[in-house]
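Below you'll find the structure, written out as structure tokens, and then a few comments.
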Amino acid sequence: MANEYVTLEELKAHLGVEADDTSRDVLLNRARVSASRSIDKTTGRRFWLDADPVQRVFNPRGRVVREDDGDLFLVDDIGDLEGLTVETGSGSSWSAVTDYETSPDNALADGKPIDGLLRPLGTWGSATARLRVTAKFGWPAVPDAVAEAALIQASRLYKRKDSPEGIIGSAEWGVRNLSRRDPDVWALIEPFILPGFA
């Protein structure tokens, strides 16, 4: 998929595998992909950015928040303003919307995504209309905490082959069961979890 949050080289270095040893690459790559997609699923978002603008249609039901200064339409994470267009309508009838502001303020400058479109002192129209957004969805860059969580989780998944039925042995700790969730991975990704996920 090429949208993993940890590279093969980083995972090999973390596990002490020689860079030119390709004998485990299939298993390591599977662990990288699984760890990255698991983080996406747990957080309810993805941290890689679309290469080109993509069009998405949103139903306003449950996505409009009434603010003192207008209606805020909650959208999927937008990580780049290039190609951003907003339209309202339905079917084959769409009208461009230009009187909106991105929210939160300075999100992209702070390395975070835009997740709302505000109509200052206005509304997003009728409940039957849809919002069509063309944008580069995702995050501007993968947060360091997400990359570290992916590295830890990918390493754990790779080593799982050596722990049948979730039991692992160690000279230092003896035999023990693996926990369902790695507490370090959870602590790293928890701040990124959208409400209603996990």
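In the structure tokens, each chain is lettered A, B, ... as it comes, each chain's residues begin at 1, and ligands are numbered from 1 in order of appearance.
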Which neighbours of Pro183 of chain A fall inside 12 Å, counting only C-alpha atoms, when residues of the same chain fewer than 6 positions from it are skipped, and could you give them as a list in words?
Ala149, Ile152, Gln153, Ile189 and Glu190 of chain A
Residues of the last selection are to be written out with N, CA and C atoms, as a CSV table (one decimal), in the first residue's frame.
chain,number,residue,atom,x,y,z
A,149,ALA,N,4.3,4.5,17.6
A,149,ALA,CA,3.3,3.4,17.9
A,149,ALA,C,3.3,2.4,16.8
A,152,ILE,N,6.5,0.2,17.3
A,152,ILE,CA,6.3,-0.8,18.5
A,152,ILE,C,5.3,-1.9,18.1
A,153,GLN,N,4.2,-1.5,17.5
A,153,GLN,CA,3.2,-2.5,17.2
A,153,GLN,C,3.7,-3.5,16.1
A,189,ILE,N,-1.3,6.6,20.8
A,189,ILE,CA,-2.4,6.9,19.8
A,189,ILE,C,-3.6,7.4,20.5
A,190,GLU,N,-3.8,7.3,21.8
A,190,GLU,CA,-5.0,7.7,22.4
A,190,GLU,C,-5.4,9.1,22.1
Top pick for closest residue to Val26 of chain A, considering A:Leu8, A:Val133, A:Arg160, A:Thr123 and counting only C-alpha atoms
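When distances to Val26 of chain A are compared using only C-alpha atoms, the smallest one comes from A:Leu8.
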Near-Asp115 of chain A list (12 Å; only C-alpha atoms; drop same-chain fewer than 4 positions) as a VMD selection string:
chain A and resid 45 63 to 64 72 to 80 101 to 108 133 135 137 to 139 194
Could you give me, as a ChimeraX atom specification, each residue of segment 4-166 of chain A that DSSP assigns to strand (DSSP E or B) when run on this structure's backbone?
/A:54-58,64-67,70-90,93-96,101-103,114-120,130-137
Could you state the separation of atom CA of Val185 of chain A and atom CA of Ser36 of chain A in Å, given to one decimal place?
11.6 Å
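Reported to one decimal place, the separation of atom CA of Ala154 of chain A from atom CA of Ala35 of chain A is 5.2 Å.
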Write out as a ChimeraX atom specification which residues come within 12 Å of Glu10 of chain A when counting only C-alpha atoms, dropping same-chain ones fewer than 2 positions away.
/A:4-8,12-19,28-29,32,147-148,150-152,154-155
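A straight line drawn from atom CA of Ser38 of chain A to atom CA of Leu157 of chain A is 11.1 Å long.
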List the neighbours of Ser93 of chain A out to 12 Å using only C-alpha atoms; skip same-chain residues closer than 6 positions along the sequence, and give me the result as a list of chain:residue names.
A:Glu87, A:Ala129, A:Arg130, A:Leu131, A:Arg132
